Each structure stands twice: as C-alpha cells, then as structure tokens.
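Asks: So I've got this file, data_32.cif, and it contains mmCIF, C-alpha atoms:
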data_model
loop_
_atom_site.label_atom_id
_atom_site.label_comp_id
_atom_site.auth_asym_id
_atom_site.auth_seq_id
_atom_site.Cartn_x
_atom_site.Cartn_y
_atom_site.Cartn_z
CA MET A 1 38.83 248.02 -12.00
CA LEU A 2 40.75 246.21 -9.30
CA ARG A 3 44.25 247.33 -8.83
CA LEU A 4 46.29 244.20 -9.49
CA ILE A 5 49.86 244.92 -8.51
CA THR A 6 51.40 244.28 -5.11
CA LEU A 7 52.78 247.45 -3.58
CA LEU A 8 55.00 247.06 -0.53
CA ILE A 9 55.33 250.02 1.79
CA THR A 10 58.00 250.50 4.42
CA LEU A 11 56.34 251.96 7.49
CA LEU A 12 57.24 252.30 11.14
CA LEU A 13 54.87 250.30 13.32
CA PRO A 14 53.17 252.08 16.22
CA VAL A 15 54.92 251.68 19.55
CA ALA A 16 53.35 251.50 22.98
CA ALA A 17 52.47 254.83 24.56
CA THR A 18 54.87 256.02 27.27
CA ALA A 19 54.81 258.86 29.72
CA GLY A 20 56.31 262.20 28.70
CA PRO A 21 55.90 264.49 25.68
CA ALA A 22 53.87 263.17 22.78
CA HIS A 23 55.86 262.11 19.73
CA PRO A 24 54.48 261.52 16.24
CA ARG A 25 53.82 257.89 15.37
CA ASN A 26 52.51 256.00 12.37
CA PHE A 27 49.08 254.45 12.85
CA SER A 28 47.83 251.90 10.30
CA LYS A 29 44.56 250.11 9.71
CA GLN A 30 43.40 247.69 7.02
CA ALA A 31 39.93 247.29 5.55
CA HIS A 32 38.15 245.52 2.70
CA LEU A 33 36.68 248.30 0.57
CA MET A 34 35.42 248.46 -3.03
CA GLY A 35 36.16 244.76 -3.40
CA SER A 36 39.86 245.33 -2.67
CA HIS A 37 42.39 245.42 0.15
CA PHE A 38 43.02 248.90 1.55
CA THR A 39 45.68 250.00 4.05
CA TYR A 40 45.48 253.49 5.51
CA THR A 41 48.33 255.02 7.51
CA VAL A 42 48.34 258.38 9.29
CA VAL A 43 50.87 260.22 11.42
CA ALA A 44 49.51 261.52 14.72
CA ASP A 45 50.75 262.60 18.15
CA ASN A 46 48.36 260.46 20.18
CA ASP A 47 46.32 257.27 20.04
CA SER A 48 42.95 258.99 20.14
CA LEU A 49 43.59 261.14 17.08
CA GLY A 50 45.39 258.40 15.16
CA TRP A 51 42.72 255.72 15.48
CA THR A 52 39.79 258.14 15.20
CA ALA A 53 41.25 259.58 12.00
CA LEU A 54 41.72 256.14 10.46
CA ASP A 55 38.13 255.16 11.27
CA ALA A 56 36.84 258.40 9.74
CA ALA A 57 38.87 257.90 6.53
CA ILE A 58 37.68 254.32 6.10
CA THR A 59 34.08 255.34 6.79
CA GLU A 60 34.27 258.00 4.09
CA THR A 61 35.66 255.58 1.50
CA ARG A 62 32.95 253.07 2.37
CA ARG A 63 30.32 255.80 1.89
CA ILE A 64 31.67 256.53 -1.59
CA ASP A 65 31.52 252.86 -2.49
CA ARG A 66 27.88 252.49 -1.43
CA LEU A 67 26.95 255.65 -3.29
CA MET A 68 28.57 254.77 -6.61
CA SER A 69 29.30 251.04 -6.71
CA PHE A 70 28.48 249.17 -9.91
CA TRP A 71 27.65 246.09 -7.81
CA ASP A 72 25.44 247.65 -5.11
CA SER A 73 21.77 247.29 -6.05
CA THR A 74 20.94 250.49 -4.17
CA SER A 75 23.70 252.73 -5.58
CA GLN A 76 23.02 255.71 -7.79
CA ILE A 77 25.09 254.13 -10.59
CA THR A 78 22.78 251.11 -10.54
CA ARG A 79 19.77 253.41 -10.76
CA ILE A 80 21.30 255.12 -13.82
CA ASN A 81 21.97 251.76 -15.49
CA ARG A 82 18.44 250.49 -14.88
CA ALA A 83 17.05 253.58 -16.59
CA ALA A 84 19.31 253.33 -19.66
CA GLY A 85 17.47 254.31 -22.80
CA LEU A 86 14.37 255.22 -20.78
CA ARG A 87 14.74 258.33 -18.66
CA PRO A 88 17.26 260.61 -16.90
CA VAL A 89 18.06 259.96 -13.24
CA VAL A 90 18.56 262.64 -10.60
CA VAL A 91 21.82 262.07 -8.68
CA ASP A 92 23.73 263.73 -5.85
CA GLN A 93 25.98 266.62 -6.82
CA GLU A 94 29.19 264.71 -6.10
CA VAL A 95 28.05 261.81 -8.31
CA PHE A 96 27.18 264.25 -11.10
CA ASP A 97 30.53 266.05 -10.73
CA LEU A 98 32.59 262.84 -10.78
CA ILE A 99 30.83 261.55 -13.90
CA GLN A 100 31.36 264.95 -15.53
CA ARG A 101 35.10 264.81 -14.77
CA THR A 102 35.40 261.30 -16.20
CA LEU A 103 33.78 262.47 -19.44
CA ARG A 104 36.42 265.18 -19.70
CA ILE A 105 39.13 262.51 -19.38
CA SER A 106 37.36 260.54 -22.10
CA GLU A 107 37.44 263.57 -24.39
CA LEU A 108 41.08 264.33 -23.55
CA SER A 109 42.16 260.73 -24.18
CA GLY A 110 40.20 260.27 -27.39
CA GLY A 111 37.94 257.73 -25.72
CA ALA A 112 40.68 255.52 -24.27
CA PHE A 113 39.01 256.04 -20.89
CA ASP A 114 35.28 255.36 -21.05
CA ILE A 115 33.01 254.63 -18.08
CA THR A 116 30.51 252.92 -20.42
CA PHE A 117 32.98 250.05 -20.95
CA ALA A 118 30.76 247.88 -18.75
CA SER A 119 28.46 247.44 -21.72
CA ALA A 120 30.97 244.82 -22.94
CA ASP A 121 32.45 243.37 -19.75
CA LYS A 122 30.10 240.37 -19.53
CA ILE A 123 31.50 238.76 -22.66
CA TYR A 124 34.74 237.84 -20.84
CA ARG A 125 35.72 235.74 -17.83
CA PHE A 126 39.02 236.85 -16.33
CA ASP A 127 39.56 233.67 -14.34
CA ARG A 128 43.13 232.77 -15.41
CA GLN A 129 41.79 229.92 -17.53
CA GLU A 130 41.95 229.19 -21.26
CA HIS A 131 38.94 230.46 -23.22
CA PRO A 132 38.34 231.25 -26.88
CA LEU A 133 37.80 234.90 -27.72
CA PRO A 134 34.12 235.78 -28.12
CA ASP A 135 32.64 235.67 -31.56
CA PRO A 136 33.41 238.95 -33.42
CA ALA A 137 29.69 239.61 -33.94
CA VAL A 138 29.08 239.36 -30.18
CA ARG A 139 32.03 241.61 -29.45
CA MET A 140 31.03 244.26 -31.97
CA ALA A 141 27.45 244.28 -30.66
CA ALA A 142 28.85 244.98 -27.20
CA VAL A 143 31.21 247.67 -28.50
CA ALA A 144 28.28 249.43 -30.17
CA ARG A 145 26.94 250.27 -26.70
CA ILE A 146 30.25 251.75 -25.50
CA ASN A 147 30.21 255.48 -26.12
CA TYR A 148 30.87 258.13 -23.49
CA ARG A 149 29.23 260.68 -25.82
CA ASN A 150 25.91 258.97 -25.14
CA VAL A 151 26.06 259.93 -21.47
CA VAL A 152 23.90 263.04 -21.28
CA LEU A 153 24.30 265.38 -18.30
CA ASN A 154 21.84 268.09 -17.34
CA PRO A 155 23.51 270.44 -14.81
CA ALA A 156 20.34 272.40 -14.15
CA GLN A 157 18.36 269.28 -13.23
CA ARG A 158 21.42 267.36 -11.97
CA THR A 159 20.45 264.33 -14.03
CA VAL A 160 22.32 261.61 -15.89
CA LEU A 161 20.87 259.84 -18.91
CA LEU A 162 22.24 256.88 -20.84
CA LYS A 163 20.79 257.41 -24.31
CA GLU A 164 20.63 253.77 -25.41
CA LYS A 165 19.19 250.64 -23.83
CA GLY A 166 21.87 248.16 -22.82
CA MET A 167 24.38 250.87 -21.89
CA ARG A 168 25.93 250.61 -18.44
CA LEU A 169 28.14 252.89 -16.40
CA ASN A 170 30.91 251.51 -14.21
CA LEU A 171 33.16 253.92 -12.31
CA ALA A 172 35.64 251.18 -11.34
CA GLY A 173 38.41 252.95 -13.25
CA VAL A 174 38.22 256.00 -11.00
CA LEU A 175 36.30 255.11 -7.84
CA GLN A 176 39.24 253.96 -5.72
CA GLY A 177 41.13 257.12 -6.55
CA TYR A 178 38.12 259.27 -5.75
CA GLY A 179 37.48 257.40 -2.50
CA ILE A 180 41.08 257.96 -1.43
CA ARG A 181 40.94 261.64 -2.37
CA ARG A 182 37.81 262.10 -0.27
CA ALA A 183 39.42 260.24 2.65
CA ARG A 184 42.40 262.61 2.46
CA GLN A 185 40.02 265.59 2.64
CA VAL A 186 38.46 264.16 5.81
CA LEU A 187 41.91 263.70 7.34
CA ASP A 188 42.94 267.24 6.44
CA LYS A 189 39.93 268.60 8.34
CA MET A 190 41.01 266.55 11.36
CA GLY A 191 44.47 268.10 11.32
CA ILE A 192 46.41 265.05 10.06
CA LYS A 193 49.65 266.40 8.55
CA GLY A 194 51.05 263.20 7.09
CA GLY A 195 49.78 259.90 5.79
CA LEU A 196 49.74 257.23 3.13
CA LEU A 197 46.47 255.84 1.79
CA ASN A 198 46.78 252.65 -0.26
CA GLY A 199 43.78 251.21 -2.08
CA SER A 200 45.09 248.06 -3.74
CA GLY A 201 47.74 249.94 -5.71
CA ASP A 202 46.19 253.41 -5.68
CA ILE A 203 48.43 255.36 -3.32
CA LEU A 204 48.28 258.93 -2.07
CA CYS A 205 50.89 260.19 0.38
CA TRP A 206 51.64 263.54 1.95
CA GLY A 207 53.83 264.97 4.69
CA ARG A 208 56.44 262.70 6.26
CA GLN A 209 56.54 259.49 8.20
CA ALA A 210 56.77 259.76 11.96
CA ASN A 211 60.56 259.48 11.79
CA GLY A 212 60.78 262.33 9.27
CA SER A 213 61.54 260.16 6.24
CA LEU A 214 59.78 260.17 2.89
CA TRP A 215 57.22 257.51 2.07
CA ARG A 216 58.87 254.55 0.36
CA VAL A 217 56.69 252.75 -2.18
CA ALA A 218 57.62 249.58 -4.04
CA ILE A 219 56.44 248.77 -7.55
CA GLY A 220 55.87 245.05 -7.93
CA ASP A 221 57.54 242.78 -10.46
CA PRO A 222 54.95 241.23 -12.83
CA ASP A 223 57.07 238.10 -13.26
CA HIS A 224 57.39 237.49 -9.54
CA PRO A 225 54.26 238.46 -7.57
CA GLY A 226 55.22 239.71 -4.12
CA SER A 227 58.67 240.82 -5.25
CA ILE A 228 59.86 244.30 -6.15
CA SER A 229 60.68 245.80 -9.53
CA SER A 230 61.73 249.23 -8.23
CA TRP A 231 61.25 251.72 -5.43
CA VAL A 232 60.15 255.32 -5.31
CA GLN A 233 60.64 257.61 -2.32
CA VAL A 234 58.02 260.34 -2.48
CA THR A 235 55.68 262.70 -0.64
CA ASP A 236 52.79 264.96 -1.57
CA VAL A 237 52.02 262.84 -4.61
CA ALA A 238 49.89 259.95 -5.86
CA VAL A 239 51.49 256.73 -7.11
CA VAL A 240 48.89 254.59 -8.88
CA THR A 241 49.76 251.23 -10.39
CA ALA A 242 47.65 248.91 -12.52
CA GLY A 243 48.64 245.51 -13.87
CA ASN A 244 46.98 242.93 -16.09
CA TYR A 245 48.61 239.80 -14.71
CA GLU A 246 46.21 238.82 -11.94
CA GLN A 247 42.82 239.19 -13.63
CA TYR A 248 43.23 237.61 -17.05
CA PHE A 249 42.42 234.68 -19.29
CA THR A 250 44.34 233.06 -22.12
CA ALA A 251 43.22 232.37 -25.68
CA ALA A 252 45.43 230.38 -28.05
CA GLY A 253 48.25 230.80 -25.56
CA LYS A 254 48.02 234.61 -25.44
CA VAL A 255 47.30 236.42 -22.18
CA TYR A 256 44.41 238.90 -22.11
CA GLY A 257 44.08 241.20 -19.11
CA HIS A 258 40.94 242.75 -17.68
CA ILE A 259 41.32 246.30 -19.08
CA ILE A 260 39.07 246.67 -22.12
CA ASN A 261 39.87 248.81 -25.15
CA PRO A 262 36.60 250.74 -25.67
CA ALA A 263 37.19 251.06 -29.41
CA THR A 264 37.51 247.34 -30.12
CA GLY A 265 35.93 245.60 -27.14
CA LEU A 266 39.11 243.52 -26.87
CA PRO A 267 41.31 243.45 -23.77
CA ALA A 268 44.18 245.92 -24.07
CA THR A 269 47.54 244.32 -24.93
CA GLY A 270 51.18 245.39 -25.01
CA LEU A 271 51.65 246.26 -21.34
CA ARG A 272 51.91 244.32 -18.12
CA SER A 273 52.13 247.19 -15.64
CA VAL A 274 51.58 250.96 -15.65
CA THR A 275 52.45 253.34 -12.82
CA ILE A 276 51.32 256.97 -12.87
CA ILE A 277 52.87 259.57 -10.56
CA CYS A 278 51.12 262.91 -10.20
CA PRO A 279 49.59 265.10 -7.47
CA ASP A 280 45.96 264.04 -8.10
CA VAL A 281 45.12 260.44 -7.16
CA GLU A 282 41.76 260.56 -8.94
CA LEU A 283 43.39 261.68 -12.18
CA ALA A 284 46.17 259.10 -11.83
CA ASP A 285 43.54 256.38 -11.37
CA CYS A 286 42.10 257.27 -14.78
CA LEU A 287 45.41 257.77 -16.57
CA ASP A 288 46.86 254.31 -15.90
CA GLU A 289 43.93 252.85 -17.81
CA VAL A 290 44.43 255.36 -20.64
CA VAL A 291 48.05 254.26 -21.04
CA PHE A 292 47.07 250.57 -20.97
CA VAL A 293 44.57 251.12 -23.77
CA LYS A 294 46.83 253.31 -25.90
CA GLY A 295 49.80 250.95 -25.52
CA PRO A 296 53.50 251.64 -24.81
CA THR A 297 54.32 254.11 -27.60
CA ASN A 298 51.10 256.08 -27.80
CA GLY A 299 50.58 255.86 -24.05
CA LEU A 300 53.92 257.44 -23.23
CA ALA A 301 53.41 260.05 -25.95
CA PHE A 302 50.08 260.98 -24.35
CA ILE A 303 51.57 261.26 -20.85
CA ASN A 304 54.39 263.42 -22.23
CA THR A 305 51.80 266.02 -23.27
CA LEU A 306 50.52 266.40 -19.69
CA LYS A 307 52.06 268.80 -17.21
CA GLY A 308 53.04 267.39 -13.83
CA VAL A 309 52.31 263.77 -14.74
CA ASP A 310 54.98 261.06 -14.87
CA CYS A 311 54.73 257.43 -15.87
CA THR A 312 56.73 254.23 -15.73
CA LEU A 313 55.56 251.08 -17.46
CA ILE A 314 56.55 247.48 -18.08
CA THR A 315 55.86 246.09 -21.53
CA ASP A 316 54.78 242.58 -22.47
CA ASP A 317 58.40 241.81 -23.34
CA ASN A 318 59.57 243.10 -19.92
CA HIS A 319 61.08 246.41 -21.01
CA THR A 320 60.78 249.22 -18.48
CA LEU A 321 60.05 252.65 -19.96
CA VAL A 322 59.49 256.04 -18.32
CA SER A 323 58.07 259.36 -19.44
CA LYS A 324 60.41 262.14 -20.47
CA ASN A 325 59.99 264.32 -17.39
CA MET A 326 60.33 261.65 -14.74
CA GLN A 327 62.13 263.23 -11.80
CA VAL A 328 61.81 260.67 -9.00
CA ARG A 329 64.67 258.32 -8.19
CA TYR A 330 64.37 254.55 -8.14
CA LEU A 331 66.06 252.19 -5.73
CA ARG A 332 67.10 248.72 -6.79
CA ASN A 333 68.89 246.37 -4.43
CA ASN A 334 69.16 249.34 -2.03
CA ALA A 335 71.24 251.32 -4.52
CA PRO A 336 69.86 254.54 -6.03
CA VAL A 337 69.48 254.56 -9.80
CA PRO A 338 68.66 257.78 -11.68
CA ALA A 339 65.37 257.56 -13.54
CA THR A 340 67.20 258.46 -16.75
CA ALA A 341 68.94 255.10 -16.57
CA LEU A 342 65.57 253.39 -17.04
CA ARG A 343 64.70 255.21 -20.24
CA PRO A 344 64.96 253.34 -23.57
#
Here is a file; write its structure as structure tokens.

Replies:
Amino acid sequence: MLRLITLLITLLLPVAATAGPAHPRNFSKQAHLMGSHFTYTVVADNDSLGWTALDAAITETRRIDRLMSFWDSTSQITRINRAAGLRPVVVDQEVFDLIQRTLRISELSGGAFDITFASADKIYRFDRQEHPLPDPAVRMAAVARINYRNVVLNPAQRTVLLKEKGMRLNLAGVLQGYGIRRARQVLDKMGIKGGLLNGSGDILCWGRQANGSLWRVAIGDPDHPGSISSWVQVTDVAVVTAGNYEQYFTAAGKVYGHIINPATGLPATGLRSVTIICPDVELADCLDEVVFVKGPTNGLAFINTLKGVDCTLITDDNHTLVSKNMQVRYLRNNAPVPATALRP
C-alpha cells in the first residue's frame, strides 16, 4: 500500500565542511524504493559517516523490497503466491517471522488487517477516473479468497502455505514500515544517534536534529495536497500516515480509495486520512490500515484499547478526531494547540 499523504519535514541542510572541531550535521538522501519516494536523514559528525550510513540504510531497505515485493517475479512472496493451493514454500526466517507477526495483527484486529487482500485487488482500478463498482458476484468471489486463517505456517520447516488456489499474499501494508525498521537497525550498528527515515508517509525518528531540536513532522491536508493540516514535534517515535485521496476512483459520484475492507471486498469508506503515532514503525504501518477499515468510531475505539499507541484522523466530512491518550502537541499557523482541543 502506497503511502498517499504529503509529509513535510523541517530539516537543517548540510553545510560545507570547515576546519576545526567536528560538529553534528544533518545529512539527507532521497531514493525510489518500494514504488515510493523515500527520504532518509541522519545526524553525523563527519561526511564519511553521514553519507556511508545513508547508503547502508537505503541498501538495506532495497534488500527488503527485493526479498518480499509483491511485484518482483523473483521474490519469496511471489514464490508463495505461485504455489497457492499446491504446496508449502520454504522461506527465509525474516520472511517467516514478518508474515507471522502480520497474522497476529489480523487476529488482534478481527481481520481488518489481512495480507491476503490481494486476492481481490485486481477487480479495481484506482486511477482517479469514474468506474462502476464491480458486479457483486465478482466481488464476493474475490472476497471468498481473502482469509488470513488460510495462511498456514510451519515453524519447524519454516514454510508458508496458502491453502486455496487463487489466494495471494501482499505485504504492502507493512513492508515500508518493516524496511524502515531494518534500516534503523543498520544505522544503530553504525553508531548513528539521531535520524528521521521517511518512506512516503511512514516516518521513524529518534535522537535530535543537529541543532538539538526535535523532529518536526507535518500532516498534510487532504483538501489541499502539498499544504499542512497540523504539525507534530517528536522524537523516538514513529509517525505513519495513510490517505485515500491520491489512489482512488469514483462510482456514482462517490470516492473510493485504495484500502480494501477484507470482509466485503469494497474499498474502505468514512476516512480520508489516518495518522498513527507509536514507538514501532512496523506496527504503526499496519494499524493505519486497521483504522481505515474499521472506520472513525470503531477505529478510534480499537486504538484506545492499545497501550502506547495514539491516532489522529480526518473523516470524510473533514472532522479531525484523536485518540483519548494523545499526548503530542500540534502546531497550526505556528501557534501551539493542545491535542485536547482537537478532540470531538
């Protein structure tokens, strides 16, 4: 799932090296990864460490993509899909572990998050054009193949089996978050003490900017792409935003975004934007989709049951809602606004 909201980040640009003691600086590099635009920023004392660290982080994310991409004909996910209904497939331990974690999220969310959603994705074209909804019989046939319970894991053999022909796995709802988490682990081993990794709306930040300030992340306004709805100033946390207003189609004048409700096979409705704030970027990447599928009321109720997870969302009718334990502060027009002021 492509992250569809524009996130603007205030960063200090690197300055030219000068003689004298080394001072921390922000180093940034952009890359096209997982079909999306990524920007990685690290804080380092010298050019060699800064640029080497960025290259290593990008290389690690690219490795994850090749290993588990739905679109790569050589990936282990593609091998699993080709063998659906036929035989189990041996996979690497990290692939097995990630799939196992996603199935736990599926169980926790009552199936709102389901990596077998790809069994129904071909019945839609999210091209911003007007299309009729697919015939109900076609949709229900596709939904019949969506069922995370039919993903069978064998820890002893390290195999994955899709029980029915026509089933397909797609880790798009978690892969960017996982790729960023792995990149952070690489940077930690290299001694990077601060950074911000942004994968098209999946953000993980830690430490401080080179000037000692927190990382300042902007949440985009669905009505005005490129503009800002609100700011958060954070560190040591993930801020993951998903929106349904860039990949969509319309039917009878109604907008349908790209996030599919596994229970119905229909695109999820009721929300335009969901932002999850929690320490784990991989978890946050899954939870924004859960909230989209569950909708504003049930989505917030679900988040309110989770410890250490906060959420802010924008509904179809442009109301902004936040979870009950939201502690971060928002900035609008450069003036701080307590998060409580945004609650309904």

Asks: Can you spell out as a VMD selection string the set of residues that the PyMOL selection byres ((chain A and resi 238-250) around 7) selects in the structure I just provided?

Replies: chain A and resid 3 to 5 125 to 131 201 to 205 222 237 251 to 258 272 to 281 284 to 285 288

Asks: For C-alpha atoms, I'd like the residues from the last selection saved as a PDB file, in the frame of the given file.

Replies:
ATOM      1  CA  ARG A   3      44.250 247.330  -8.830  1.00  0.00           C
ATOM      2  CA  LEU A   4      46.290 244.200  -9.490  1.00  0.00           C
ATOM      3  CA  ILE A   5      49.860 244.920  -8.510  1.00  0.00           C
ATOM      4  CA  ARG A 125      35.720 235.740 -17.830  1.00  0.00           C
ATOM      5  CA  PHE A 126      39.020 236.850 -16.330  1.00  0.00           C
ATOM      6  CA  ASP A 127      39.560 233.670 -14.340  1.00  0.00           C
ATOM      7  CA  ARG A 128      43.130 232.770 -15.410  1.00  0.00           C
ATOM      8  CA  GLN A 129      41.790 229.920 -17.530  1.00  0.00           C
ATOM      9  CA  GLU A 130      41.950 229.190 -21.260  1.00  0.00           C
ATOM     10  CA  HIS A 131      38.940 230.460 -23.220  1.00  0.00           C
ATOM     11  CA  GLY A 201      47.740 249.940  -5.710  1.00  0.00           C
ATOM     12  CA  ASP A 202      46.190 253.410  -5.680  1.00  0.00           C
ATOM     13  CA  ILE A 203      48.430 255.360  -3.320  1.00  0.00           C
ATOM     14  CA  LEU A 204      48.280 258.930  -2.070  1.00  0.00           C
ATOM     15  CA  CYS A 205      50.890 260.190   0.380  1.00  0.00           C
ATOM     16  CA  PRO A 222      54.950 241.230 -12.830  1.00  0.00           C
ATOM     17  CA  VAL A 237      52.020 262.840  -4.610  1.00  0.00           C
ATOM     18  CA  ALA A 251      43.220 232.370 -25.680  1.00  0.00           C
ATOM     19  CA  ALA A 252      45.430 230.380 -28.050  1.00  0.00           C
ATOM     20  CA  GLY A 253      48.250 230.800 -25.560  1.00  0.00           C
ATOM     21  CA  LYS A 254      48.020 234.610 -25.440  1.00  0.00           C
ATOM     22  CA  VAL A 255      47.300 236.420 -22.180  1.00  0.00           C
ATOM     23  CA  TYR A 256      44.410 238.900 -22.110  1.00  0.00           C
ATOM     24  CA  GLY A 257      44.080 241.200 -19.110  1.00  0.00           C
ATOM     25  CA  HIS A 258      40.940 242.750 -17.680  1.00  0.00           C
ATOM     26  CA  ARG A 272      51.910 244.320 -18.120  1.00  0.00           C
ATOM     27  CA  SER A 273      52.130 247.190 -15.640  1.00  0.00           C
ATOM     28  CA  VAL A 274      51.580 250.960 -15.650  1.00  0.00           C
ATOM     29  CA  THR A 275      52.450 253.340 -12.820  1.00  0.00           C
ATOM     30  CA  ILE A 276      51.320 256.970 -12.870  1.00  0.00           C
ATOM     31  CA  ILE A 277      52.870 259.570 -10.560  1.00  0.00           C
ATOM     32  CA  CYS A 278      51.120 262.910 -10.200  1.00  0.00           C
ATOM     33  CA  PRO A 279      49.590 265.100  -7.470  1.00  0.00           C
ATOM     34  CA  ASP A 280      45.960 264.040  -8.100  1.00  0.00           C
ATOM     35  CA  VAL A 281      45.120 260.440  -7.160  1.00  0.00           C
ATOM     36  CA  ALA A 284      46.170 259.100 -11.830  1.00  0.00           C
ATOM     37  CA  ASP A 285      43.540 256.380 -11.370  1.00  0.00           C
ATOM     38  CA  ASP A 288      46.860 254.310 -15.900  1.00  0.00           C
TER      39      ASP A 288
END

Asks: Which residue out of A:Ala31, A:Leu169, A:Pro88, A:Trp206 has the minimum interatomic distance to Arg184 (chain A) when only C-alpha atoms are used?

Replies: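 Of A:Ala31, A:Leu169, A:Pro88, A:Trp206, the one nearest Arg184 (chain A) is A:Trp206, counting only C-alpha atoms.
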
Asks: Starting from the displayed file, determine the output of the PyMOL selection byres ((chain A and resi 291) around 9) and express the residue list as a ChimeraX atom specification.

Replies: /A:112,271,274,287-290,292-296,298-300,302-303,313

Asks: Which residues, protein or nucleic acid, reach to within 10 Å of (25.4, 254.6, -6.8) in the file's coordinates when using all atoms listed in the file, and can you give that as a PyMOL selection string?

Replies: chain A and resi 64-81+91-92+95+170-171

Asks: Rounded to one decimal, what separation in Å do you get between CA of Leu196 (chain A) and CA of Gly177 (chain A)?

Replies: 13.0 Å

Asks: Around (57.2, 261.4, 4.9) in the file's own coordinates, what residues are found within 9 Å if you use all atoms listed in the file, given back as a list of chain:residue names?

Replies: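 It turns out the residues near that spot are A:Gly194, A:Gly195, A:Leu196, A:Cys205, A:Trp206, A:Gly207, A:Arg208, A:Gln209, A:Ala210, A:Asn211, A:Gly212, A:Ser213, A:Leu214, A:Trp215, A:Arg216, A:Gln233, A:Val234, A:Thr235, A:Asp236.
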
Asks: Store the residues picked out above in a file with C-alpha atoms, as an mmCIF file, keeping the file's coordinate frame.

Replies:
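Printed below is out_10.cif as written:
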data_model
loop_
_atom_site.group_PDB
_atom_site.id
_atom_site.type_symbol
_atom_site.label_atom_id
_atom_site.label_comp_id
_atom_site.auth_asym_id
_atom_site.auth_seq_id
_atom_site.Cartn_x
_atom_site.Cartn_y
_atom_site.Cartn_z
ATOM 1 C CA GLY A 194 51.050 263.200 7.090
ATOM 2 C CA GLY A 195 49.780 259.900 5.790
ATOM 3 C CA LEU A 196 49.740 257.230 3.130
ATOM 4 C CA CYS A 205 50.890 260.190 0.380
ATOM 5 C CA TRP A 206 51.640 263.540 1.950
ATOM 6 C CA GLY A 207 53.830 264.970 4.690
ATOM 7 C CA ARG A 208 56.440 262.700 6.260
ATOM 8 C CA GLN A 209 56.540 259.490 8.200
ATOM 9 C CA ALA A 210 56.770 259.760 11.960
ATOM 10 C CA ASN A 211 60.560 259.480 11.790
ATOM 11 C CA GLY A 212 60.780 262.330 9.270
ATOM 12 C CA SER A 213 61.540 260.160 6.240
ATOM 13 C CA LEU A 214 59.780 260.170 2.890
ATOM 14 C CA TRP A 215 57.220 257.510 2.070
ATOM 15 C CA ARG A 216 58.870 254.550 0.360
ATOM 16 C CA GLN A 233 60.640 257.610 -2.320
ATOM 17 C CA VAL A 234 58.020 260.340 -2.480
ATOM 18 C CA THR A 235 55.680 262.700 -0.640
ATOM 19 C CA ASP A 236 52.790 264.960 -1.570
#

Asks: Evaluating the PyMOL selection byres ((chain A and resi 156) around 12) on the displayed file yields which residues, as a list in words?

Replies: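 What the PyMOL selection byres ((chain A and resi 156) around 12) grabs from the file is Val90, Val91, Gln93, Phe96, Leu153, Asn154, Pro155, Gln157, Arg158, Thr159 and Val160 of chain A.
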
Asks: Can you work out the spacing between CA of Asn304 (chain A) and CA of Lys324 (chain A) in Å, to one decimal?

Replies: 6.4 Å

Asks: Can you list, as a PyMOL selection string, every protein, DNA or RNA residue that comes within 7 Å of Thr116 (chain A) when you count only C-alpha atoms, leaving out same-chain residues fewer than 6 positions away?

Replies: chain A and resi 146-148+167-170

Asks: Work out how far apart CA of Glu282 (chain A) and CA of Lys163 (chain A) are and give it in Å to one decimal.

Replies: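 Rounded to one decimal, the two atoms are 26.2 Å apart.
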
Asks: So, counting all atoms listed in the file, which residue among A:Arg182, A:Arg149, A:Arg139, A:His32 is closest to Thr264 (chain A)?

Replies: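 Checking each of A:Arg182, A:Arg149, A:Arg139, A:His32 against Thr264 (chain A), counting all atoms listed in the file, the winner is A:Arg139.
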
Asks: Using all atoms listed in the file, pick whichever of A:Gly265, A:Pro24, A:Gly85, A:Gly35 has the shortest atom-to-atom distance to Leu162 (chain A).

Replies: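 So, comparing all the options, the nearest one is A:Gly85.
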
Asks: I need the residue nearest Ala56 (chain A) from this list: A:Thr102, A:Gln185, A:Ser323, A:Asn26. Use all atoms listed in the file for the distance.

Replies: A:Gln185

Asks: Could you work out an axis-aligned box for region 288-296 of chain A, taking every atom the file lists and adding 8 Å on each side, and report centre and edge lengths in Å to one decimal, as JSON?

Replies:
{"center_x": 48.7, "center_y": 253.0, "center_z": -20.9, "size_x": 25.6, "size_y": 20.8, "size_z": 26.0}
